[in-house]
Structures are given as C-alpha cells and as structure tokens.
file model.cif (mmCIF, C-alpha atoms)
data_data
loop_
_atom_site.label_atom_id
_atom_site.label_comp_id
_atom_site.auth_asym_id
_atom_site.auth_seq_id
_atom_site.Cartn_x
_atom_site.Cartn_y
_atom_site.Cartn_z
CA MET Z 1 -41.19 -0.73 -15.25
CA ILE Z 2 -38.32 1.76 -14.95
CA ARG Z 3 -40.06 3.60 -12.13
CA THR Z 4 -40.62 0.31 -10.27
CA ALA Z 5 -36.97 -0.65 -10.66
CA ARG Z 6 -35.85 2.73 -9.30
CA LEU Z 7 -38.18 2.45 -6.33
CA ASN Z 8 -36.88 -1.04 -5.60
CA ALA Z 9 -33.30 0.26 -5.76
CA ILE Z 10 -34.17 3.01 -3.28
CA ASP Z 11 -35.72 0.45 -0.94
CA GLN Z 12 -32.71 -1.84 -1.26
CA ARG Z 13 -30.33 1.02 -0.54
CA ARG Z 14 -32.32 2.04 2.53
CA ALA Z 15 -32.25 -1.56 3.78
CA LEU Z 16 -28.50 -1.74 3.18
CA ALA Z 17 -27.91 1.45 5.16
CA ASN Z 18 -30.07 0.13 7.98
CA ARG Z 19 -28.12 -3.16 8.18
CA LEU Z 20 -24.81 -1.31 8.21
CA ASN Z 21 -26.12 0.89 11.02
CA THR Z 22 -27.69 -1.82 13.17
CA ASP Z 23 -25.31 -4.74 12.59
CA GLY Z 24 -22.06 -2.99 11.71
CA TYR Z 25 -21.82 -4.88 8.42
CA ALA Z 26 -23.87 -6.02 5.44
CA PHE Z 27 -23.48 -8.66 2.74
CA LEU Z 28 -25.01 -7.87 -0.63
CA GLU Z 29 -25.39 -10.23 -3.57
CA GLY Z 30 -24.25 -8.93 -6.94
CA PRO Z 31 -27.66 -8.54 -8.61
CA ILE Z 32 -28.91 -6.38 -5.73
CA LEU Z 33 -25.84 -4.14 -5.89
CA ASP Z 34 -26.28 -3.95 -9.67
CA SER Z 35 -29.75 -2.46 -9.20
CA MET Z 36 -28.21 0.45 -7.29
CA LEU Z 37 -25.46 1.29 -9.80
CA PRO Z 38 -25.72 3.16 -13.12
CA GLU Z 39 -26.42 0.84 -16.02
CA ASP Z 40 -23.53 2.15 -18.13
CA ALA Z 41 -21.08 1.09 -15.39
CA LEU Z 42 -22.15 -2.53 -15.76
CA THR Z 43 -22.26 -3.07 -19.50
CA PRO Z 44 -20.14 -6.06 -20.57
CA ALA Z 45 -17.58 -3.70 -22.10
CA SER Z 46 -17.27 -1.53 -18.97
CA TRP Z 47 -17.14 -4.42 -16.52
CA ASN Z 48 -14.74 -6.51 -18.62
CA ARG Z 49 -12.27 -3.62 -18.92
CA PHE Z 50 -12.45 -3.13 -15.17
CA ALA Z 51 -12.02 -6.84 -14.33
CA ALA Z 52 -9.20 -7.32 -16.85
CA SER Z 53 -7.06 -4.78 -14.96
CA TRP Z 54 -6.37 -7.44 -12.31
CA GLU Z 55 -4.21 -9.32 -14.82
CA GLY Z 56 -0.46 -8.81 -14.63
CA MET Z 57 -0.36 -6.96 -11.31
CA PRO Z 58 2.98 -6.91 -9.44
CA VAL Z 59 3.63 -9.28 -6.55
CA ASP Z 60 3.32 -7.75 -3.08
CA THR Z 61 6.91 -7.99 -1.80
CA TYR Z 62 6.17 -6.61 1.67
CA MET Z 63 4.70 -9.81 3.11
CA ALA Z 64 6.42 -10.39 6.45
CA ASP Z 65 5.46 -14.07 6.33
CA GLY Z 66 7.65 -14.47 3.23
CA GLY Z 67 4.66 -15.32 1.04
CA ARG Z 68 4.45 -14.41 -2.64
CA TYR Z 69 0.77 -15.25 -3.03
CA ARG Z 70 -0.58 -11.68 -3.19
CA ARG Z 71 -0.57 -9.21 -6.08
CA ARG Z 72 -1.85 -5.66 -5.75
CA ARG Z 73 -2.15 -2.10 -6.98
CA PHE Z 74 -3.10 0.96 -4.95
CA ALA Z 75 -4.51 4.47 -5.27
CA VAL Z 76 -5.59 7.30 -2.96
CA PHE Z 77 -8.51 9.70 -3.43
CA SER Z 78 -9.96 12.62 -1.50
CA ALA Z 79 -13.51 13.85 -1.20
CA THR Z 80 -14.43 17.34 -0.03
CA PRO Z 81 -18.06 18.23 0.77
CA GLY Z 82 -19.78 19.69 -2.28
CA GLU Z 83 -17.07 18.47 -4.66
CA THR Z 84 -16.47 15.36 -6.71
CA ILE Z 85 -13.93 12.74 -5.64
CA HIS Z 86 -10.40 13.58 -6.80
CA ARG Z 87 -7.38 11.33 -7.12
CA SER Z 88 -4.51 12.32 -4.85
CA ALA Z 89 -0.80 12.19 -5.58
CA HIS Z 90 0.55 8.66 -5.33
CA GLN Z 91 1.68 7.82 -1.81
CA PRO Z 92 2.52 4.83 0.38
CA HIS Z 93 -0.01 2.70 2.19
CA TYR Z 94 0.55 2.74 5.95
CA GLN Z 95 -1.11 0.87 8.80
CA ALA Z 96 -0.10 0.98 12.44
CA ARG Z 97 0.92 -2.34 13.93
CA ASP Z 98 -2.10 -2.08 16.22
CA TYR Z 99 -4.21 -2.73 13.13
CA ASN Z 100 -1.87 -4.94 11.11
CA SER Z 101 0.52 -6.89 13.32
CA LEU Z 102 2.01 -8.73 10.33
CA ASN Z 103 2.78 -5.99 7.82
CA GLY Z 104 2.07 -2.76 9.70
CA GLY Z 105 4.47 -0.16 10.98
CA ILE Z 106 6.17 0.63 7.66
CA GLU Z 107 5.38 2.61 4.54
CA ARG Z 108 4.48 0.24 1.72
CA TRP Z 109 4.78 1.55 -1.82
CA PHE Z 110 2.63 -0.30 -4.36
CA ASP Z 111 2.32 0.33 -8.07
CA PRO Z 112 -0.56 2.72 -8.83
CA ILE Z 113 -3.91 1.70 -10.21
CA ASP Z 114 -4.00 2.51 -13.92
CA PRO Z 115 -5.62 5.94 -14.51
CA GLU Z 116 -7.80 4.45 -17.25
CA VAL Z 117 -9.19 2.02 -14.69
CA ALA Z 118 -9.66 4.62 -11.95
CA ASP Z 119 -11.36 7.03 -14.38
CA GLY Z 120 -13.53 4.31 -15.92
CA LEU Z 121 -17.29 4.12 -15.55
CA THR Z 122 -17.28 1.09 -13.25
CA PHE Z 123 -14.68 2.38 -10.81
CA GLN Z 124 -16.23 5.86 -10.67
CA ALA Z 125 -19.69 4.40 -10.08
CA LEU Z 126 -18.40 2.37 -7.14
CA LEU Z 127 -16.70 5.41 -5.64
CA GLY Z 128 -19.83 7.52 -5.99
CA PHE Z 129 -22.11 4.86 -4.57
CA THR Z 130 -19.96 4.08 -1.53
CA ARG Z 131 -19.39 7.74 -0.72
CA SER Z 132 -23.13 8.40 -0.79
CA LEU Z 133 -23.91 5.28 1.25
CA PHE Z 134 -21.33 5.97 3.95
CA GLU Z 135 -22.41 9.59 4.20
CA GLN Z 136 -25.88 8.34 5.07
CA GLN Z 137 -24.19 7.03 8.23
CA ALA Z 138 -21.51 9.64 8.90
CA GLY Z 139 -23.02 12.79 7.41
CA ILE Z 140 -21.44 15.01 4.76
CA THR Z 141 -17.74 15.01 5.59
CA PRO Z 142 -14.27 15.12 4.01
CA TRP Z 143 -12.89 11.64 3.24
CA HIS Z 144 -9.51 10.05 2.74
CA ILE Z 145 -10.23 7.11 0.41
CA GLU Z 146 -7.86 4.28 -0.41
CA ALA Z 147 -8.40 1.77 -3.21
CA HIS Z 148 -6.71 -1.63 -3.34
CA GLN Z 149 -6.76 -4.14 -6.16
CA PHE Z 150 -5.93 -7.55 -4.66
CA ARG Z 151 -5.28 -10.88 -6.32
CA ILE Z 152 -4.71 -13.83 -3.96
CA GLU Z 153 -3.13 -16.77 -5.75
CA THR Z 154 -2.98 -20.36 -4.62
CA GLY Z 155 -1.71 -23.61 -6.05
CA PRO Z 156 0.56 -26.60 -5.43
CA ASP Z 157 2.92 -24.49 -3.28
CA GLY Z 158 0.30 -23.75 -0.63
CA THR Z 159 -2.91 -21.94 0.25
CA GLY Z 160 -3.54 -18.27 -0.41
CA LEU Z 161 -4.32 -15.98 2.51
CA PRO Z 162 -6.72 -13.12 1.76
CA THR Z 163 -6.18 -11.70 5.27
CA PRO Z 164 -2.80 -13.01 6.45
CA GLU Z 165 -2.98 -10.72 9.49
CA GLY Z 166 -6.05 -12.65 10.69
CA MET Z 167 -9.17 -11.06 12.15
CA HIS Z 168 -8.59 -7.33 12.03
CA ARG Z 169 -9.79 -3.80 11.61
CA ASP Z 170 -8.27 -1.49 9.02
CA GLY Z 171 -8.10 1.63 11.14
CA VAL Z 172 -10.67 3.50 9.02
CA ASP Z 173 -14.39 4.25 9.25
CA TYR Z 174 -15.94 2.15 6.48
CA VAL Z 175 -14.84 -0.59 4.09
CA LEU Z 176 -16.19 -2.07 0.87
CA VAL Z 177 -14.92 -5.46 -0.30
CA LEU Z 178 -16.15 -6.22 -3.82
CA MET Z 179 -15.76 -9.57 -5.54
CA VAL Z 180 -14.43 -9.14 -9.06
CA ARG Z 181 -13.56 -12.71 -10.01
CA ARG Z 182 -12.66 -16.03 -8.44
CA ALA Z 183 -11.32 -18.96 -10.40
CA ASN Z 184 -10.65 -22.58 -9.43
CA ILE Z 185 -10.86 -22.02 -5.66
CA HIS Z 186 -13.04 -22.92 -2.73
CA GLN Z 187 -13.36 -21.49 0.77
CA GLY Z 188 -12.49 -17.81 1.18
CA THR Z 189 -15.31 -17.24 3.66
CA THR Z 190 -15.66 -13.80 5.25
CA THR Z 191 -16.36 -13.77 8.98
CA ILE Z 192 -17.49 -10.79 11.03
CA HIS Z 193 -16.89 -10.52 14.78
CA THR Z 194 -17.76 -8.04 17.50
CA LEU Z 195 -14.98 -6.11 19.21
CA ASN Z 196 -15.28 -8.70 22.00
CA GLY Z 197 -14.61 -11.51 19.54
CA ASN Z 198 -18.13 -12.92 19.23
CA LEU Z 199 -19.12 -14.17 15.79
CA LEU Z 200 -21.76 -11.97 14.15
CA GLY Z 201 -22.00 -13.64 10.77
CA SER Z 202 -20.24 -15.28 7.85
CA PHE Z 203 -20.68 -15.39 4.08
CA THR Z 204 -18.67 -16.09 0.96
CA LEU Z 205 -18.17 -13.61 -1.86
CA THR Z 206 -18.68 -15.95 -4.78
CA HIS Z 207 -20.07 -14.12 -7.80
CA PRO Z 208 -19.02 -10.88 -9.54
CA ARG Z 209 -20.10 -7.84 -7.52
CA ASP Z 210 -21.02 -9.77 -4.39
CA ALA Z 211 -20.03 -7.23 -1.75
CA ALA Z 212 -19.29 -6.79 1.94
CA PHE Z 213 -19.82 -3.42 3.62
CA VAL Z 214 -18.16 -2.96 7.01
CA ASN Z 215 -18.29 -0.34 9.76
CA ASP Z 216 -14.63 -0.69 10.71
CA ARG Z 217 -15.02 1.03 14.07
CA ARG Z 218 -17.61 -1.50 15.23
CA VAL Z 219 -16.51 -4.93 13.98
CA PHE Z 220 -13.56 -7.11 13.08
CA HIS Z 221 -13.45 -8.92 9.75
CA GLY Z 222 -11.33 -11.63 8.18
CA VAL Z 223 -11.34 -14.16 5.35
CA THR Z 224 -10.45 -17.84 5.53
CA PRO Z 225 -7.66 -19.22 3.26
CA VAL Z 226 -8.47 -20.10 -0.33
CA VAL Z 227 -7.58 -23.53 -1.65
CA PRO Z 228 -7.38 -24.67 -5.29
CA LEU Z 229 -9.97 -27.07 -6.62
CA ARG Z 230 -7.46 -28.35 -9.21
CA PRO Z 231 -3.94 -27.70 -7.88
CA THR Z 232 -2.20 -27.81 -11.28
CA GLU Z 233 -4.36 -25.04 -12.76
CA PRO Z 234 -4.35 -21.29 -12.06
CA ALA Z 235 -6.38 -20.45 -8.96
CA PHE Z 236 -7.04 -16.94 -7.65
CA ARG Z 237 -9.40 -14.51 -5.91
CA ASP Z 238 -9.71 -10.94 -7.22
CA VAL Z 239 -11.30 -8.22 -5.07
CA LEU Z 240 -11.47 -4.46 -4.93
CA VAL Z 241 -11.24 -2.93 -1.46
CA LEU Z 242 -12.25 0.68 -0.84
CA THR Z 243 -11.63 2.20 2.60
CA TYR Z 244 -13.06 5.50 3.83
CA ARG Z 245 -11.59 7.52 6.69
CA LYS Z 246 -13.01 10.85 7.87
CA THR Z 247 -10.43 13.67 7.82
#
call {"tool": "encode", "arguments": {"input": "model.cif", "output": "structure tokens"}}
result
Amino acid sequence: MIRTARLNAIDQRRALANRLNTDGYAFLEGPILDSMLPEDALTPASWNRFAASWEGMPVDTYMADGGRYRRRRFAVFSATPGETIHRSAHQPHYQARDYNSLNGGIERWFDPIDPEVADGLTFQALLGFTRSLFEQQAGITPWHIEAHQFRIETGPDGTGLPTPEGMHRDGVDYVLVLMVRRANIHQGTTTIHTLNGNLLGSFTLTHPRDAAFVNDRRVFHGVTPVVPLRPTEPAFRDVLVLTYRKT
C-alpha cells in the first residue's frame, strides 16, 4: 500500500511538471498535493499551527487605491545549489511598475513572517517541494524566493480584491498560490491568460491546499473579486504565495 501511494505520488508529480511545461500553469486539488508532501507536514497539529498564523496580520497600508481590505506578512529566502533553503535578512518587497501598475515602483516594508511559522514542518515542506518542482523545469540553479501571507477581507464596505492590479505577471520565474482558508465568500476565480491576452483556463481555489502553479514568464494570472455570502459576518480569503526568481 505504501509503495503504491509513493508510485502514485511520483506519477502525479510528473504530470504536474508536464502541465507546467506545456501549458504554463497547473491547478492542483488539495488531496493530490497532499500525496506529494511529507505526512508530518499535514498532521492536524502542523497544519492548524500554520493556518492560524494568518490571524491578526497587519493591514497592508501601501494600497494606492486607498483600500484597507488586505492584510499580509512577508519573508525572503535564498537557495544555493547543493544547499538547503536559508532565510535572508528582512528586506522590502519591490516590483517595477511594468509588473504592478497600482502599487509598484516603491519599496514596501511588510511585517516579517513569524520564524516559528517559517521554520515549521508545513512551511518547510512547501518550500522544499516547490524548489524541487521548479528545478525540474529550470535546472539546478540559485533562487531568490519570496513568501507572502495574504488575507483578503470583504464585507458591507465593499468587495475584496485579491489582485487589485488586475491581470499581471510578478516579474519572477515561477509562482505557487496555495489556498489556506476561505470563509463566508464566493467568487475569487483564478484566470490564466497568454501573453497575447487569450484565456487559457480558469479555476477557483476552494479547499485547503488547492494550489495554482504558474510559469510567470509565459502567462498572466489574476483573481476575480471576492464577495461575502453573509455581509454582516467575517468574510476572508487566506493564501500563501511563493515566488521563485533565478539569480
């Protein structure tokens, strides 16, 4: 039984790499991703500690549209061939305006991801898995890795915008968007487009560990607004975004 499960995970991983290579993106449902991650990273205790770290995050005050619907934390890591991934000194997040016309062009300093979260089994498993997957495409290479914890809130005051800059690229090589939790919302559909603007596909990250993998050099991606099901109750969308850029 264990051997069969491992073989299935290898097959699933190979299929994921093939989709990322041929289509420029891949959507993966949570149970399939689970089969490719270490079991100890997904125990209720490990996952619940990881997911709970989205509570109480600071509001993103850099939103040029004046919105206060986004909360976030941020961390930077580096990976050198033959070595494990190491956390880098805390630094600002920067995007050129060519990639982020709304909030780009300035250094944005966000509170750091808690070291206990970044060093935890779940977070480390996701880093290891994505590095290995993306190196199947790019080869063994040094990486600059950025991690973003996002919470998009919505309620009576208006919709929440997961990608307020619209359809975009992040200016990196590869991206993972992992669903952590969504509560009392609908919509929030991810759409993928070619560089010429043609729609390639769409899907909605709905359940924990549903994931989108994106070749950022080949496609644009965006997410539709999220709207509360019950406007008087808390409504939010929690995701982890990991970006990989070759250095």
call {"tool": "atom_distance", "arguments": {"input": "model.cif", "atom1": "CA of Pro208 (chain Z)", "atom2": "CA of Gln137 (chain Z)"}}
result
25.8 Å
call {"tool": "closest_residue", "arguments": {"input": "model.cif", "among": "Z:Asn48, Z:Thr224, Z:Thr243, Z:Thr194", "to": "Asp23 (chain Z)", "atoms": "only C-alpha atoms"}}
result
Z:Thr194
call {"tool": "closest_residue", "arguments": {"input": "model.cif", "among": "Z:Arg181, Z:Arg73, Z:Lys246, Z:His148", "to": "Pro112 (chain Z)", "atoms": "all atoms listed in the file"}}
result
Z:Arg73
call {"tool": "atom_distance", "arguments": {"input": "model.cif", "atom1": "CA of Tyr244 (chain Z)", "atom2": "CA of Ile192 (chain Z)"}}
result
18.4 Å
call {"tool": "resolve_selection", "arguments": {"input": "model.cif", "expression": "the PyMOL selection byres ((chain Z and resi 50-66) around 8)", "output": "short mmCIF file (atom, residue, chain, number, x, y, z; two decimals) with C-alpha atoms, keeping the file's coordinate frame"}}
result
data_model
loop_
_atom_site.label_atom_id
_atom_site.label_comp_id
_atom_site.auth_asym_id
_atom_site.auth_seq_id
_atom_site.Cartn_x
_atom_site.Cartn_y
_atom_site.Cartn_z
CA SER Z 46 -17.27 -1.53 -18.97
CA TRP Z 47 -17.14 -4.42 -16.52
CA ASN Z 48 -14.74 -6.51 -18.62
CA ARG Z 49 -12.27 -3.62 -18.92
CA GLY Z 67 4.66 -15.32 1.04
CA ARG Z 68 4.45 -14.41 -2.64
CA TYR Z 69 0.77 -15.25 -3.03
CA ARG Z 70 -0.58 -11.68 -3.19
CA ARG Z 71 -0.57 -9.21 -6.08
CA ARG Z 72 -1.85 -5.66 -5.75
CA ARG Z 73 -2.15 -2.10 -6.98
CA LEU Z 102 2.01 -8.73 10.33
CA ASN Z 103 2.78 -5.99 7.82
CA ARG Z 108 4.48 0.24 1.72
CA PHE Z 110 2.63 -0.30 -4.36
CA ASP Z 111 2.32 0.33 -8.07
CA ASP Z 114 -4.00 2.51 -13.92
CA VAL Z 117 -9.19 2.02 -14.69
CA GLY Z 120 -13.53 4.31 -15.92
CA THR Z 122 -17.28 1.09 -13.25
CA PHE Z 123 -14.68 2.38 -10.81
CA GLN Z 149 -6.76 -4.14 -6.16
CA PHE Z 150 -5.93 -7.55 -4.66
CA ARG Z 151 -5.28 -10.88 -6.32
CA VAL Z 180 -14.43 -9.14 -9.06
CA ARG Z 181 -13.56 -12.71 -10.01
CA ASP Z 238 -9.71 -10.94 -7.22
#
call {"tool": "resolve_selection", "arguments": {"input": "model.cif", "expression": "the PyMOL selection byres ((chain Z and resi 217) around 9)", "output": "ChimeraX atom specification"}}
result
/Z:24,169-174,195,214-216,218-220
call {"tool": "atom_distance", "arguments": {"input": "model.cif", "atom1": "CA of Arg182 (chain Z)", "atom2": "CA of Pro162 (chain Z)"}}
result
12.2 Å
call {"tool": "closest_residue", "arguments": {"input": "model.cif", "among": "Z:Gly105, Z:Gly158, Z:Pro115, Z:Pro81", "to": "Ser132 (chain Z)", "atoms": "only C-alpha atoms"}}
result
Z:Pro81
call {"tool": "decode", "arguments": {"input": "model.cif", "residues": "region 70-84 of chain Z", "atoms": "N, CA and C atoms", "output": "mmCIF file, in the first residue's frame"}}
result
data_model
loop_
_atom_site.group_PDB
_atom_site.id
_atom_site.type_symbol
_atom_site.label_atom_id
_atom_site.label_comp_id
_atom_site.auth_asym_id
_atom_site.auth_seq_id
_atom_site.Cartn_x
_atom_site.Cartn_y
_atom_site.Cartn_z
ATOM 1 N N ARG Z 70 -6.694 44.335 2.600
ATOM 2 C CA ARG Z 70 -5.652 43.319 2.501
ATOM 3 C C ARG Z 70 -4.740 43.353 3.717
ATOM 4 N N ARG Z 71 -4.475 42.173 4.278
ATOM 5 C CA ARG Z 71 -3.509 42.012 5.357
ATOM 6 C C ARG Z 71 -2.390 41.103 4.852
ATOM 7 N N ARG Z 72 -1.169 41.322 5.352
ATOM 8 C CA ARG Z 72 -0.087 40.484 4.832
ATOM 9 C C ARG Z 72 1.139 40.486 5.727
ATOM 10 N N ARG Z 73 1.930 39.432 5.571
ATOM 11 C CA ARG Z 73 3.277 39.327 6.107
ATOM 12 C C ARG Z 73 4.185 38.816 4.992
ATOM 13 N N PHE Z 74 5.494 38.958 5.185
ATOM 14 C CA PHE Z 74 6.429 38.763 4.077
ATOM 15 C C PHE Z 74 7.753 38.204 4.591
ATOM 16 N N ALA Z 75 8.406 37.387 3.770
ATOM 17 C CA ALA Z 75 9.737 36.889 4.108
ATOM 18 C C ALA Z 75 10.489 36.571 2.818
ATOM 19 N N VAL Z 76 11.811 36.596 2.903
ATOM 20 C CA VAL Z 76 12.678 36.321 1.757
ATOM 21 C C VAL Z 76 13.614 35.174 2.119
ATOM 22 N N PHE Z 77 13.840 34.297 1.143
ATOM 23 C CA PHE Z 77 14.722 33.145 1.315
ATOM 24 C C PHE Z 77 15.667 33.064 0.125
ATOM 25 N N SER Z 78 16.766 32.332 0.300
ATOM 26 C CA SER Z 78 17.680 32.090 -0.808
ATOM 27 C C SER Z 78 18.006 30.608 -0.853
ATOM 28 N N ALA Z 79 18.233 30.128 -2.068
ATOM 29 C CA ALA Z 79 18.594 28.732 -2.268
ATOM 30 C C ALA Z 79 19.809 28.668 -3.176
ATOM 31 N N THR Z 80 20.851 28.030 -2.694
ATOM 32 C CA THR Z 80 22.079 27.834 -3.454
ATOM 33 C C THR Z 80 22.192 26.358 -3.818
ATOM 34 N N PRO Z 81 22.586 26.039 -5.057
ATOM 35 C CA PRO Z 81 22.697 24.624 -5.437
ATOM 36 C C PRO Z 81 23.518 23.819 -4.431
ATOM 37 N N GLY Z 82 22.968 22.659 -4.048
ATOM 38 C CA GLY Z 82 23.654 21.790 -3.110
ATOM 39 C C GLY Z 82 23.445 22.144 -1.657
ATOM 40 N N GLU Z 83 22.694 23.218 -1.389
ATOM 41 C CA GLU Z 83 22.453 23.638 -0.009
ATOM 42 C C GLU Z 83 20.957 23.727 0.259
ATOM 43 N N THR Z 84 20.604 23.710 1.540
ATOM 44 C CA THR Z 84 19.212 23.883 1.919
ATOM 45 C C THR Z 84 18.791 25.342 1.719
#
